[in-house]
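With mmCIF, C-alpha atoms inside, this is final-v9.cif:
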data_data
#
loop_
_atom_site.label_atom_id
_atom_site.label_comp_id
_atom_site.auth_asym_id
_atom_site.auth_seq_id
_atom_site.Cartn_x
_atom_site.Cartn_y
_atom_site.Cartn_z
CA MET A 1 93.98 61.94 60.72
CA MET A 2 90.57 61.19 62.19
CA PHE A 3 91.87 59.70 65.44
CA THR A 4 91.63 61.27 68.88
CA SER A 5 95.11 60.05 69.79
CA HIS A 6 98.05 62.01 68.41
CA LYS A 7 99.78 58.80 67.29
CA PRO A 8 97.11 56.10 67.20
CA LEU A 9 97.63 52.42 67.91
CA LEU A 10 95.33 50.59 65.49
CA ALA A 11 94.52 46.95 66.24
CA MET A 12 93.77 44.34 63.60
CA ILE A 13 90.73 42.11 63.71
CA HIS A 14 91.38 39.11 61.50
CA VAL A 15 87.86 38.09 60.53
CA PRO A 16 87.37 34.28 60.53
CA ALA A 17 87.14 32.59 57.13
CA LEU A 18 84.12 33.82 55.21
CA PRO A 19 81.43 31.92 53.25
CA GLY A 20 82.70 30.48 49.99
CA THR A 21 86.35 30.29 51.09
CA PRO A 22 88.16 26.96 51.66
CA ALA A 23 88.48 27.39 55.43
CA TYR A 24 84.91 28.54 56.12
CA ALA A 25 83.50 26.44 58.97
CA GLY A 26 79.85 26.93 58.02
CA LYS A 27 78.99 28.71 61.27
CA TRP A 28 78.17 32.27 60.31
CA GLU A 29 76.91 33.46 63.68
CA GLN A 30 80.20 32.36 65.26
CA VAL A 31 82.06 34.60 62.80
CA LEU A 32 80.01 37.58 63.92
CA GLU A 33 80.36 36.69 67.59
CA LYS A 34 84.13 36.41 67.20
CA VAL A 35 84.62 39.86 65.67
CA SER A 36 82.24 41.43 68.18
CA THR A 37 84.06 39.87 71.13
CA GLU A 38 87.46 40.95 69.81
CA ALA A 39 86.26 44.51 69.16
CA GLU A 40 84.91 44.78 72.70
CA LEU A 41 88.13 43.42 74.22
CA LEU A 42 90.30 45.76 72.18
CA ARG A 43 88.09 48.75 72.99
CA GLN A 44 88.27 48.01 76.71
CA SER A 45 92.04 47.58 76.46
CA GLY A 46 92.54 51.12 75.22
CA VAL A 47 93.52 50.85 71.55
CA ASP A 48 92.86 53.93 69.42
CA GLY A 49 91.20 52.30 66.43
CA LEU A 50 90.41 49.04 64.66
CA LEU A 51 91.08 47.53 61.24
CA LEU A 52 89.20 44.53 59.85
CA GLU A 53 90.85 42.16 57.40
CA ASN A 54 89.77 38.84 55.85
CA MET A 55 93.17 37.22 56.38
CA HIS A 56 91.74 33.73 56.97
CA ASP A 57 90.30 33.62 53.41
CA THR A 58 93.39 31.98 51.86
CA PRO A 59 94.08 31.53 49.02
CA TYR A 60 93.10 35.08 48.15
CA LEU A 61 91.45 36.23 44.97
CA ASN A 62 93.22 38.92 42.95
CA ARG A 63 91.38 42.26 43.12
CA GLU A 64 87.87 40.88 42.50
CA VAL A 65 85.93 39.16 45.30
CA GLY A 66 82.40 37.83 45.16
CA PRO A 67 79.24 39.38 46.61
CA GLU A 68 79.38 36.85 49.45
CA ILE A 69 82.64 38.41 50.66
CA VAL A 70 81.41 41.99 50.32
CA SER A 71 78.16 41.27 52.17
CA ALA A 72 79.92 39.22 54.86
CA MET A 73 82.53 41.90 55.51
CA THR A 74 79.78 44.51 55.70
CA ALA A 75 77.94 42.46 58.31
CA ALA A 76 81.18 41.92 60.25
CA ALA A 77 82.00 45.64 60.12
CA LEU A 78 78.55 46.58 61.40
CA ARG A 79 78.94 44.13 64.29
CA VAL A 80 82.34 45.63 65.15
CA LYS A 81 80.95 49.16 65.03
CA SER A 82 78.17 48.10 67.38
CA ALA A 83 80.68 46.63 69.86
CA ALA A 84 83.06 49.60 69.67
CA PRO A 85 80.96 52.56 68.47
CA ASN A 86 83.39 55.29 69.49
CA LEU A 87 86.52 53.83 67.88
CA PRO A 88 87.56 54.81 64.35
CA CYS A 89 87.50 51.72 62.20
CA GLY A 90 88.87 50.72 58.81
CA ILE A 91 88.83 47.75 56.50
CA GLN A 92 91.07 45.86 54.09
CA ILE A 93 89.74 43.18 51.75
CA LEU A 94 92.34 40.77 50.42
CA ALA A 95 93.79 40.68 48.02
CA GLY A 96 93.75 44.18 46.65
CA ALA A 97 89.94 44.35 46.54
CA ASN A 98 90.13 48.06 47.22
CA LYS A 99 86.88 49.10 45.53
CA ALA A 100 85.01 46.45 47.50
CA ALA A 101 86.60 47.76 50.71
CA LEU A 102 85.47 51.30 49.90
CA ALA A 103 81.93 50.08 49.29
CA VAL A 104 81.88 48.25 52.62
CA ALA A 105 83.36 51.25 54.41
CA LEU A 106 80.64 53.49 53.03
CA ALA A 107 77.83 51.08 53.94
CA ALA A 108 79.15 50.42 57.45
CA ASP A 109 80.19 54.03 58.21
CA LEU A 110 83.90 53.21 58.55
CA GLN A 111 86.56 55.91 58.48
CA PHE A 112 89.31 54.46 56.32
CA VAL A 113 90.45 51.67 54.03
CA ARG A 114 93.85 50.03 53.77
CA THR A 115 94.77 49.38 50.16
CA GLU A 116 97.48 47.55 48.25
CA GLY A 117 98.68 48.11 44.71
CA PHE A 118 97.84 51.82 44.76
CA VAL A 119 100.89 52.81 42.71
CA PHE A 120 103.32 50.66 40.69
CA GLY A 121 102.27 47.18 39.67
CA HIS A 122 103.87 44.29 41.53
CA LEU A 123 103.90 40.51 41.66
CA ALA A 124 101.83 39.37 44.62
CA ASP A 125 101.12 35.91 46.00
CA GLU A 126 97.96 36.00 43.89
CA GLY A 127 99.73 36.93 40.64
CA TRP A 128 100.38 40.23 38.90
CA MET A 129 98.54 43.19 40.43
CA ASN A 130 98.24 46.41 38.45
CA SER A 131 98.16 49.76 40.22
CA ASP A 132 94.66 51.13 40.78
CA ALA A 133 94.94 54.67 42.18
CA ALA A 134 93.14 56.34 39.29
CA GLU A 135 90.29 53.83 39.19
CA LEU A 136 89.94 53.68 42.97
CA LEU A 137 89.76 57.41 43.62
CA ARG A 138 87.33 57.90 40.76
CA TYR A 139 85.17 55.17 42.28
CA ARG A 140 85.39 56.88 45.67
CA ARG A 141 84.10 60.08 44.09
CA LEU A 142 81.39 58.22 42.15
CA ILE A 143 79.88 56.74 45.32
CA HIS A 144 80.33 60.01 47.29
CA ALA A 145 82.78 58.47 49.73
CA GLU A 146 85.45 61.19 49.71
CA HIS A 147 85.23 61.37 53.51
CA ILE A 148 86.72 57.85 53.73
CA HIS A 149 90.51 57.98 53.95
CA VAL A 150 92.58 55.79 51.64
CA PHE A 151 95.74 54.59 53.38
CA THR A 152 98.12 52.88 50.98
CA ASP A 153 100.80 50.25 51.43
CA ILE A 154 103.95 51.03 49.45
CA LYS A 155 106.43 48.32 48.42
CA LYS A 156 104.07 46.03 50.31
CA LYS A 157 104.91 42.83 52.13
CA HIS A 158 104.39 39.38 50.57
CA SER A 159 105.23 40.78 47.14
CA ALA A 160 108.06 40.91 44.62
CA HIS A 161 109.03 44.34 43.35
CA ALA A 162 111.63 43.40 40.75
CA MET A 163 109.79 45.29 38.02
CA SER A 164 110.12 48.50 40.03
CA ALA A 165 113.50 47.76 41.60
CA ASP A 166 114.90 50.98 40.15
CA VAL A 167 112.18 52.96 41.95
CA SER A 168 113.16 53.55 45.57
CA LEU A 169 110.79 53.45 48.53
CA VAL A 170 111.00 57.24 48.76
CA GLU A 171 110.21 57.63 45.07
CA THR A 172 107.27 55.27 45.54
CA ALA A 173 106.09 57.38 48.45
CA HIS A 174 106.31 60.52 46.31
CA ALA A 175 104.25 58.82 43.61
CA ALA A 176 101.56 57.74 46.08
CA HIS A 177 101.48 61.26 47.51
CA PHE A 178 101.18 62.75 44.01
CA PHE A 179 98.34 60.32 43.28
CA ARG A 180 96.45 61.62 46.32
CA SER A 181 96.98 58.92 48.93
CA ASP A 182 95.69 59.99 52.35
CA GLY A 183 98.45 58.16 54.22
CA LEU A 184 101.33 55.77 53.60
CA ILE A 185 101.89 52.39 55.24
CA ILE A 186 105.36 50.86 55.51
CA THR A 187 105.87 47.21 56.44
CA GLY A 188 108.51 44.53 56.72
CA ASN A 189 108.72 41.72 54.19
CA ALA A 190 105.98 39.60 55.77
CA THR A 191 103.23 39.63 58.38
CA GLY A 192 104.70 40.30 61.82
CA THR A 193 108.14 41.37 60.60
CA GLN A 194 109.59 44.76 61.44
CA ALA A 195 109.80 47.64 59.02
CA ASP A 196 113.24 49.14 58.57
CA ALA A 197 113.43 52.18 60.86
CA GLN A 198 115.66 54.03 58.38
CA ASP A 199 113.08 53.45 55.65
CA VAL A 200 110.43 54.97 57.89
CA GLU A 201 112.61 57.99 58.62
CA SER A 202 113.34 58.50 54.92
CA VAL A 203 109.68 58.40 53.90
CA GLN A 204 108.69 60.69 56.78
CA ALA A 205 111.30 63.21 55.67
CA ALA A 206 110.23 62.94 52.03
CA CYS A 207 106.49 63.34 52.72
CA PRO A 208 106.25 65.43 55.91
CA ASP A 209 102.67 66.54 55.27
CA LEU A 210 101.31 63.01 54.80
CA PRO A 211 100.56 60.57 57.67
CA ILE A 212 103.08 57.72 57.81
CA LEU A 213 102.11 54.47 59.52
CA VAL A 214 104.03 51.28 60.19
CA GLY A 215 101.92 48.25 59.36
CA SER A 216 103.84 45.25 60.68
CA GLY A 217 106.27 44.13 63.35
CA ILE A 218 105.36 46.54 66.17
CA THR A 219 105.95 45.09 69.64
CA ALA A 220 106.05 46.32 73.22
CA GLU A 221 109.83 45.99 73.01
CA ASN A 222 110.32 48.19 69.92
CA ALA A 223 107.47 50.67 70.43
CA SER A 224 109.87 53.32 71.73
CA ILE A 225 111.93 53.06 68.53
CA TYR A 226 109.04 53.59 66.15
CA LYS A 227 106.76 56.01 67.95
CA PRO A 228 108.99 59.07 67.36
CA LEU A 229 109.18 58.19 63.65
CA VAL A 230 105.54 57.64 62.73
CA ASP A 231 102.05 59.10 62.83
CA GLY A 232 100.50 55.78 63.84
CA VAL A 233 100.90 52.00 63.81
CA ILE A 234 98.81 48.99 62.80
CA VAL A 235 99.32 45.91 64.96
CA GLY A 236 97.98 42.39 64.52
CA SER A 237 100.31 39.49 65.25
CA TYR A 238 101.78 40.83 68.48
CA LEU A 239 98.33 41.05 70.09
CA LYS A 240 97.69 37.33 69.58
CA GLN A 241 98.68 34.38 71.74
CA GLU A 242 102.34 33.48 71.08
CA GLY A 243 102.49 36.44 68.68
CA HIS A 244 100.95 34.49 65.79
CA TRP A 245 98.30 36.21 63.70
CA ALA A 246 95.98 33.18 63.47
CA ASN A 247 95.70 32.68 67.24
CA ASP A 248 93.18 34.21 69.63
CA LEU A 249 93.83 37.59 71.21
CA SER A 250 95.97 37.71 74.33
CA GLN A 251 94.79 40.16 76.98
CA GLU A 252 98.26 40.21 78.51
CA ARG A 253 99.99 41.06 75.23
CA ILE A 254 97.41 43.73 74.36
CA SER A 255 97.85 45.40 77.75
CA ARG A 256 101.64 45.21 77.48
CA LEU A 257 101.68 46.92 74.09
CA VAL A 258 99.09 49.58 74.96
CA THR A 259 101.06 50.45 78.08
CA ALA A 260 104.36 50.54 76.23
CA TRP A 261 102.95 52.66 73.41
CA ASN A 262 101.26 55.17 75.71
CA ASN A 263 104.37 55.53 77.86
CA CYS A 264 106.78 56.21 74.98
#

Could you rewrite the structure in this file as C-alpha coordinates?
Amino acid sequence: MMFTSHKPLLAMIHVPALPGTPAYAGKWEQVLEKVSTEAELLRQSGVDGLLLENMHDTPYLNREVGPEIVSAMTAAALRVKSAAPNLPCGIQILAGANKAALAVALAADLQFVRTEGFVFGHLADEGWMNSDAAELLRYRRLIHAEHIHVFTDIKKKHSAHAMSADVSLVETAHAAHFFRSDGLIITGNATGTQADAQDVESVQAACPDLPILVGSGITAENASIYKPLVDGVIVGSYLKQEGHWANDLSQERISRLVTAWNNC
(Lines of atoms letter the chains of each structure in order from A and count residues from 1; the text may use other names and numbers.)
(Lines give C-alpha, C1' and ligand atoms only; values in the text may rest on other atoms or scores of the structure.)
Protein backbone atom coordinates (compact mmCIF):
# COMPACT_ATOMS: atom_id res chain seq x y z
CA MET A 1 0.00 0.00 0.00
CA MET A 2 0.97 3.66 -0.22
CA PHE A 3 1.20 4.22 3.53
CA THR A 4 4.38 4.78 5.52
CA SER A 5 3.07 2.67 8.39
CA HIS A 6 3.24 -1.09 8.00
CA LYS A 7 -0.36 -1.48 9.19
CA PRO A 8 -1.99 1.94 8.84
CA LEU A 9 -4.71 3.35 11.05
CA LEU A 10 -6.96 5.35 8.73
CA ALA A 11 -9.33 7.88 10.31
CA MET A 12 -12.70 8.85 8.86
CA ILE A 13 -13.74 12.44 8.31
CA HIS A 14 -17.51 12.54 8.03
CA VAL A 15 -18.05 15.66 5.95
CA PRO A 16 -21.03 17.75 7.16
CA ALA A 17 -24.17 17.65 5.03
CA LEU A 18 -23.50 19.07 1.57
CA PRO A 19 -25.48 21.57 -0.55
CA GLY A 20 -28.69 20.13 -1.95
CA THR A 21 -29.10 17.48 0.76
CA PRO A 22 -31.90 17.61 3.37
CA ALA A 23 -29.61 18.30 6.32
CA TYR A 24 -27.49 21.01 4.68
CA ALA A 25 -27.33 24.01 7.04
CA GLY A 26 -26.60 26.57 4.33
CA LYS A 27 -23.22 27.51 5.78
CA TRP A 28 -20.65 26.33 3.28
CA GLU A 29 -17.59 27.90 4.85
CA GLN A 30 -18.40 26.10 8.12
CA VAL A 31 -18.32 22.78 6.24
CA LEU A 32 -14.83 23.54 4.99
CA GLU A 33 -13.66 24.76 8.38
CA LYS A 34 -14.98 21.59 10.01
CA VAL A 35 -13.11 19.19 7.74
CA SER A 36 -9.94 21.26 7.96
CA THR A 37 -10.04 21.33 11.76
CA GLU A 38 -10.65 17.58 11.96
CA ALA A 39 -7.84 16.82 9.51
CA GLU A 40 -5.41 18.92 11.53
CA LEU A 41 -6.44 17.28 14.81
CA LEU A 42 -6.14 13.79 13.37
CA ARG A 43 -2.77 14.58 11.80
CA GLN A 44 -1.41 15.89 15.09
CA SER A 45 -2.76 12.83 16.89
CA GLY A 46 -0.67 10.46 14.81
CA VAL A 47 -3.08 8.63 12.51
CA ASP A 48 -1.57 7.17 9.34
CA GLY A 49 -4.12 8.36 6.80
CA LEU A 50 -7.53 9.93 6.27
CA LEU A 51 -10.75 8.98 4.49
CA LEU A 52 -13.50 11.46 3.62
CA GLU A 53 -17.11 10.37 3.39
CA ASN A 54 -20.39 12.28 2.92
CA MET A 55 -22.21 10.30 5.60
CA HIS A 56 -24.39 13.22 6.70
CA ASP A 57 -26.06 13.39 3.25
CA THR A 58 -28.93 11.04 4.15
CA PRO A 59 -30.98 9.79 2.44
CA TYR A 60 -28.34 8.77 -0.08
CA LEU A 61 -28.73 8.67 -3.82
CA ASN A 62 -28.04 5.37 -5.57
CA ARG A 63 -24.82 5.50 -7.61
CA GLU A 64 -25.46 8.87 -9.28
CA VAL A 65 -24.91 12.13 -7.37
CA GLY A 66 -25.24 15.64 -8.69
CA PRO A 67 -22.47 18.07 -9.68
CA GLU A 68 -23.04 19.94 -6.42
CA ILE A 69 -21.87 16.87 -4.47
CA VAL A 70 -18.87 16.23 -6.71
CA SER A 71 -17.72 19.85 -6.56
CA ALA A 72 -18.34 20.10 -2.81
CA MET A 73 -16.42 16.92 -2.04
CA THR A 74 -13.56 18.14 -4.23
CA ALA A 75 -13.40 21.39 -2.29
CA ALA A 76 -13.54 19.50 1.02
CA ALA A 77 -10.79 17.13 -0.10
CA LEU A 78 -8.54 20.01 -1.13
CA ARG A 79 -9.07 21.65 2.26
CA VAL A 80 -8.18 18.39 4.02
CA LYS A 81 -5.05 17.96 1.91
CA SER A 82 -4.01 21.49 2.81
CA ALA A 83 -4.45 20.79 6.53
CA ALA A 84 -2.69 17.41 6.41
CA PRO A 85 -0.45 17.51 3.32
CA ASN A 86 1.75 14.56 4.27
CA LEU A 87 -1.01 12.07 5.08
CA PRO A 88 -2.36 9.68 2.44
CA CYS A 89 -6.01 10.44 1.89
CA GLY A 90 -8.95 8.69 0.28
CA ILE A 91 -12.60 9.33 -0.42
CA GLN A 92 -15.93 7.53 -0.50
CA ILE A 93 -19.06 9.12 -1.97
CA LEU A 94 -22.33 7.59 -0.83
CA ALA A 95 -24.03 5.67 -1.98
CA GLY A 96 -21.91 3.73 -4.41
CA ALA A 97 -20.95 6.83 -6.41
CA ASN A 98 -17.62 5.24 -7.20
CA LYS A 99 -16.93 7.00 -10.51
CA ALA A 100 -17.59 10.35 -8.86
CA ALA A 101 -15.18 9.41 -6.06
CA LEU A 102 -12.48 8.55 -8.60
CA ALA A 103 -12.97 11.88 -10.34
CA VAL A 104 -12.66 13.76 -7.05
CA ALA A 105 -9.61 11.74 -6.06
CA LEU A 106 -7.90 12.61 -9.32
CA ALA A 107 -8.72 16.33 -9.07
CA ALA A 108 -7.68 16.59 -5.41
CA ASP A 109 -4.59 14.34 -5.68
CA LEU A 110 -5.92 11.69 -3.30
CA GLN A 111 -4.38 8.24 -3.08
CA PHE A 112 -7.35 5.89 -2.89
CA VAL A 113 -11.11 5.47 -3.07
CA ARG A 114 -13.37 3.25 -0.99
CA THR A 115 -16.05 1.65 -3.14
CA GLU A 116 -19.18 -0.41 -2.62
CA GLY A 117 -20.90 -2.76 -5.03
CA PHE A 118 -17.66 -3.68 -6.81
CA VAL A 119 -18.67 -7.31 -7.32
CA PHE A 120 -22.06 -9.03 -6.90
CA GLY A 121 -25.19 -6.91 -6.89
CA HIS A 122 -26.91 -6.41 -3.55
CA LEU A 123 -29.91 -4.73 -1.99
CA ALA A 124 -28.76 -1.57 -0.24
CA ASP A 125 -30.68 0.99 1.82
CA GLU A 126 -31.00 2.96 -1.41
CA GLY A 127 -32.39 0.06 -3.46
CA TRP A 128 -30.81 -2.48 -5.77
CA MET A 129 -27.16 -1.77 -6.59
CA ASN A 130 -25.53 -3.55 -9.51
CA SER A 131 -21.85 -4.43 -9.44
CA ASP A 132 -19.63 -1.92 -11.23
CA ALA A 133 -16.07 -3.29 -11.34
CA ALA A 134 -15.85 -3.40 -15.13
CA GLU A 135 -17.28 0.08 -15.63
CA LEU A 136 -15.30 1.60 -12.78
CA LEU A 137 -11.87 0.30 -13.77
CA ARG A 138 -12.46 1.25 -17.39
CA TYR A 139 -13.36 4.75 -16.21
CA ARG A 140 -10.19 4.85 -14.09
CA ARG A 141 -8.15 4.03 -17.17
CA LEU A 142 -10.08 6.54 -19.31
CA ILE A 143 -9.23 9.44 -16.99
CA HIS A 144 -5.62 8.22 -16.47
CA ALA A 145 -6.12 7.59 -12.78
CA GLU A 146 -4.55 4.14 -12.52
CA HIS A 147 -2.31 5.41 -9.71
CA ILE A 148 -5.39 5.78 -7.48
CA HIS A 149 -6.04 2.59 -5.51
CA VAL A 150 -9.54 1.11 -5.48
CA PHE A 151 -10.31 -0.49 -2.11
CA THR A 152 -13.54 -2.47 -2.20
CA ASP A 153 -16.04 -3.43 0.47
CA ILE A 154 -17.20 -7.04 0.15
CA LYS A 155 -20.53 -8.24 1.58
CA LYS A 156 -20.83 -4.65 2.78
CA LYS A 157 -22.65 -3.39 5.84
CA HIS A 158 -26.16 -1.90 5.68
CA SER A 159 -27.06 -4.28 2.86
CA ALA A 160 -28.96 -7.50 2.21
CA HIS A 161 -27.07 -10.23 0.38
CA ALA A 162 -29.84 -12.80 -0.03
CA MET A 163 -29.34 -12.93 -3.80
CA SER A 164 -25.74 -14.01 -3.29
CA ALA A 165 -26.27 -16.04 -0.13
CA ASP A 166 -24.76 -19.09 -1.80
CA VAL A 167 -21.56 -17.12 -2.47
CA SER A 168 -19.36 -17.09 0.63
CA LEU A 169 -17.31 -14.15 1.83
CA VAL A 170 -14.16 -15.93 0.68
CA GLU A 171 -15.63 -16.57 -2.76
CA THR A 172 -16.63 -12.91 -2.92
CA ALA A 173 -13.08 -11.96 -2.01
CA HIS A 174 -11.73 -14.19 -4.78
CA ALA A 175 -14.09 -12.53 -7.26
CA ALA A 176 -13.01 -9.03 -6.22
CA HIS A 177 -9.37 -10.08 -6.48
CA PHE A 178 -9.97 -11.56 -9.94
CA PHE A 179 -11.68 -8.32 -10.97
CA ARG A 180 -8.56 -6.36 -10.00
CA SER A 181 -9.47 -4.82 -6.66
CA ASP A 182 -6.46 -3.15 -5.00
CA GLY A 183 -7.58 -4.09 -1.49
CA LEU A 184 -10.52 -5.65 0.33
CA ILE A 185 -12.52 -4.12 3.18
CA ILE A 186 -14.41 -6.28 5.67
CA THR A 187 -17.00 -4.81 8.03
CA GLY A 188 -19.63 -5.76 10.56
CA ASN A 189 -23.32 -5.47 9.74
CA ALA A 190 -23.56 -1.74 10.46
CA THR A 191 -21.50 1.37 11.16
CA GLY A 192 -19.44 0.89 14.32
CA THR A 193 -20.03 -2.86 14.63
CA GLN A 194 -17.16 -5.32 14.71
CA ALA A 195 -16.17 -7.51 11.81
CA ASP A 196 -15.99 -11.21 12.56
CA ALA A 197 -12.33 -12.02 13.30
CA GLN A 198 -12.68 -15.48 11.73
CA ASP A 199 -14.02 -13.89 8.54
CA VAL A 200 -10.97 -11.64 8.44
CA GLU A 201 -8.63 -14.59 8.92
CA SER A 202 -10.38 -16.57 6.18
CA VAL A 203 -10.16 -13.76 3.63
CA GLN A 204 -6.53 -13.05 4.54
CA ALA A 205 -5.67 -16.70 3.98
CA ALA A 206 -7.60 -16.80 0.70
CA CYS A 207 -6.04 -13.61 -0.73
CA PRO A 208 -2.58 -13.36 0.86
CA ASP A 209 -1.20 -11.04 -1.81
CA LEU A 210 -4.00 -8.47 -1.49
CA PRO A 211 -4.27 -5.87 1.32
CA ILE A 212 -7.09 -6.69 3.74
CA LEU A 213 -8.58 -3.91 5.86
CA VAL A 214 -11.25 -3.91 8.54
CA GLY A 215 -13.67 -1.04 8.00
CA SER A 216 -15.84 -0.93 11.12
CA GLY A 217 -15.88 -1.65 14.83
CA ILE A 218 -12.21 -1.09 15.69
CA THR A 219 -11.66 0.12 19.26
CA ALA A 220 -8.76 0.59 21.65
CA GLU A 221 -10.01 -2.51 23.45
CA ASN A 222 -10.00 -4.85 20.42
CA ALA A 223 -7.06 -3.39 18.49
CA SER A 224 -4.76 -6.18 19.67
CA ILE A 225 -7.16 -8.78 18.26
CA TYR A 226 -7.34 -7.31 14.78
CA LYS A 227 -3.88 -5.92 14.16
CA PRO A 228 -2.23 -9.33 13.62
CA LEU A 229 -4.98 -10.24 11.13
CA VAL A 230 -5.08 -7.21 8.85
CA ASP A 231 -3.04 -4.89 6.67
CA GLY A 232 -4.83 -1.80 7.97
CA VAL A 233 -8.00 -0.48 9.58
CA ILE A 234 -10.51 2.30 8.91
CA VAL A 235 -11.97 3.91 12.04
CA GLY A 236 -14.75 6.46 12.38
CA SER A 237 -17.25 6.00 15.19
CA TYR A 238 -14.77 5.17 17.94
CA LEU A 239 -12.94 8.46 17.43
CA LYS A 240 -16.08 10.49 18.15
CA GLN A 241 -17.54 11.63 21.45
CA GLU A 242 -19.47 8.75 23.05
CA GLY A 243 -18.40 6.57 20.11
CA HIS A 244 -21.17 7.83 17.83
CA TRP A 245 -20.28 8.66 14.24
CA ALA A 246 -22.33 11.90 14.09
CA ASN A 247 -20.65 13.51 17.10
CA ASP A 248 -17.54 15.69 17.17
CA LEU A 249 -14.11 14.13 17.44
CA SER A 250 -12.83 13.23 20.89
CA GLN A 251 -9.14 13.96 21.46
CA GLU A 252 -9.08 11.48 24.34
CA ARG A 253 -10.55 8.64 22.28
CA ILE A 254 -8.26 9.36 19.32
CA SER A 255 -5.18 9.30 21.56
CA ARG A 256 -6.36 6.11 23.27
CA LEU A 257 -6.80 4.28 19.98
CA VAL A 258 -3.58 5.54 18.38
CA THR A 259 -1.65 4.46 21.46
CA ALA A 260 -3.33 1.07 21.58
CA TRP A 261 -2.79 0.45 17.87
CA ASN A 262 0.86 1.47 17.90
CA ASN A 263 1.59 -0.64 20.97
CA CYS A 264 0.05 -3.86 19.62

Shell of 7 Å around Thr219 in chain A, all atoms listed in the file, local chain residues under 3 positions omitted, as a PyMOL selection string: chain A and resi 222-223+238+257

Reference answer for the PyMOL selection byres ((chain A and resi 200) around 8), as number ranges by chain: A: 186, 195-199, 201-204, 212, 214, 229-230

Output check: residues returned by the PyMOL selection byres ((chain A and resi 168-170) around 8), as a ChimeraX atom specification: /A:154-155,165-167,171-174,199,202-203,206

Please write as an mmCIF file with C-alpha atoms, keeping the file's coordinate frame the list of polymer residues whose atoms come within 12 Å of (111.2, 43.4, 35.4), counting only C-alpha atoms and keeping to the coordinates of the file.
data_model
loop_
_atom_site.group_PDB
_atom_site.id
_atom_site.type_symbol
_atom_site.label_atom_id
_atom_site.label_comp_id
_atom_site.auth_asym_id
_atom_site.auth_seq_id
_atom_site.Cartn_x
_atom_site.Cartn_y
_atom_site.Cartn_z
ATOM 1 C CA PHE A 120 103.320 50.660 40.690
ATOM 2 C CA GLY A 121 102.270 47.180 39.670
ATOM 3 C CA HIS A 122 103.870 44.290 41.530
ATOM 4 C CA LEU A 123 103.900 40.510 41.660
ATOM 5 C CA TRP A 128 100.380 40.230 38.900
ATOM 6 C CA ALA A 160 108.060 40.910 44.620
ATOM 7 C CA HIS A 161 109.030 44.340 43.350
ATOM 8 C CA ALA A 162 111.630 43.400 40.750
ATOM 9 C CA MET A 163 109.790 45.290 38.020
ATOM 10 C CA SER A 164 110.120 48.500 40.030
ATOM 11 C CA ALA A 165 113.500 47.760 41.600
ATOM 12 C CA ASP A 166 114.900 50.980 40.150
ATOM 13 C CA VAL A 167 112.180 52.960 41.950
#

Answer key for the PyMOL selection byres ((chain A and resi 81) around 12), residues as a PyMOL selection string: chain A and resi 32+35-40+43+49-52+74-80+82-91+105+107-111

Residues within 12 Å of (106.4, 44.0, 72.2), counting all atoms listed in the file, listed as number ranges by chain: A: 192, 194, 216-226, 235-240, 242-243, 252-261

Any chance you could export the current selection's C-alpha atoms as a short mmCIF file (atom, residue, chain, number, x, y, z; two decimals), keeping the file's coordinate frame?
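Everything below was put into result_20.cif:
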data_model
loop_
_atom_site.label_atom_id
_atom_site.label_comp_id
_atom_site.auth_asym_id
_atom_site.auth_seq_id
_atom_site.Cartn_x
_atom_site.Cartn_y
_atom_site.Cartn_z
CA GLY A 192 104.70 40.30 61.82
CA GLN A 194 109.59 44.76 61.44
CA SER A 216 103.84 45.25 60.68
CA GLY A 217 106.27 44.13 63.35
CA ILE A 218 105.36 46.54 66.17
CA THR A 219 105.95 45.09 69.64
CA ALA A 220 106.05 46.32 73.22
CA GLU A 221 109.83 45.99 73.01
CA ASN A 222 110.32 48.19 69.92
CA ALA A 223 107.47 50.67 70.43
CA SER A 224 109.87 53.32 71.73
CA ILE A 225 111.93 53.06 68.53
CA TYR A 226 109.04 53.59 66.15
CA VAL A 235 99.32 45.91 64.96
CA GLY A 236 97.98 42.39 64.52
CA SER A 237 100.31 39.49 65.25
CA TYR A 238 101.78 40.83 68.48
CA LEU A 239 98.33 41.05 70.09
CA LYS A 240 97.69 37.33 69.58
CA GLU A 242 102.34 33.48 71.08
CA GLY A 243 102.49 36.44 68.68
CA GLU A 252 98.26 40.21 78.51
CA ARG A 253 99.99 41.06 75.23
CA ILE A 254 97.41 43.73 74.36
CA SER A 255 97.85 45.40 77.75
CA ARG A 256 101.64 45.21 77.48
CA LEU A 257 101.68 46.92 74.09
CA VAL A 258 99.09 49.58 74.96
CA THR A 259 101.06 50.45 78.08
CA ALA A 260 104.36 50.54 76.23
CA TRP A 261 102.95 52.66 73.41
#

Please report as a Markdown table every residue of range 63-149 of chain A lying within 8 Å of range 13-27 of chain A, along with the nearest atom pair and their distance in Å (one decimal), using all atoms listed in the file.
| residue | atom | partner | partner_atom | distance |
| --- | --- | --- | --- | --- |
| A:Glu68 | CA | A:Pro19 | CA | 6.6 |
| A:Ile69 | CA | A:Leu18 | CA | 6.6 |
| A:Ala72 | CA | A:Leu18 | CA | 6.9 |
| A:Ala76 | CA | A:Val15 | CA | 7.7 |

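Rounded to one decimal, CA of Ile185 in chain A and CA of Arg140 in chain A lie 19.6 Å from each other.
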
Shortest interatomic distance to Asn54 in chain A - which of A:Ala246, A:Cys264, A:Val119, A:Leu106, counting all atoms listed in the file: A:Ala246

One-decimal distance in Å that lies between CA of Asp132 in chain A and CA of Phe118 in chain A: 5.1 Å

Separation of CA of Gly215 in chain A from CA of Ser159 in chain A, in Å and rounded to one decimal: 14.7 Å

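Closest approach to Thr152 in chain A among A:Ala175, A:Leu137, A:Leu184, A:Ala103 is made by A:Leu184 (distances from only C-alpha atoms).
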
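With distances restricted to all atoms listed in the file, A:Leu41 is the closest residue to Gln251 in chain A from A:Val47, A:Val65, A:Val233, A:Leu41.
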
Which residue of A:Met2, A:Leu213, A:Leu136, A:Ala176 approaches Ala101 in chain A most closely, using all atoms listed in the file: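 Ranked by minimum distance to Ala101 in chain A, first place goes to A:Leu136.
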
Shortest interatomic distance to Asn130 in chain A - which of A:His158, A:Lys99, A:Arg114, A:Arg63, counting all atoms listed in the file: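 With all atoms listed in the file as the atom set, the closest residue is A:Arg63.
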
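Each of A:Asn263, A:Ala133, A:Met73, A:Gly46 was checked against Trp28 in chain A using all atoms listed in the file; the smallest atom-to-atom distance is that of A:Met73.
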
Within 6 Å of Asp48 in chain A using all atoms listed in the file, minus same-chain residues under 4 positions, as number ranges by chain: A: 8-10
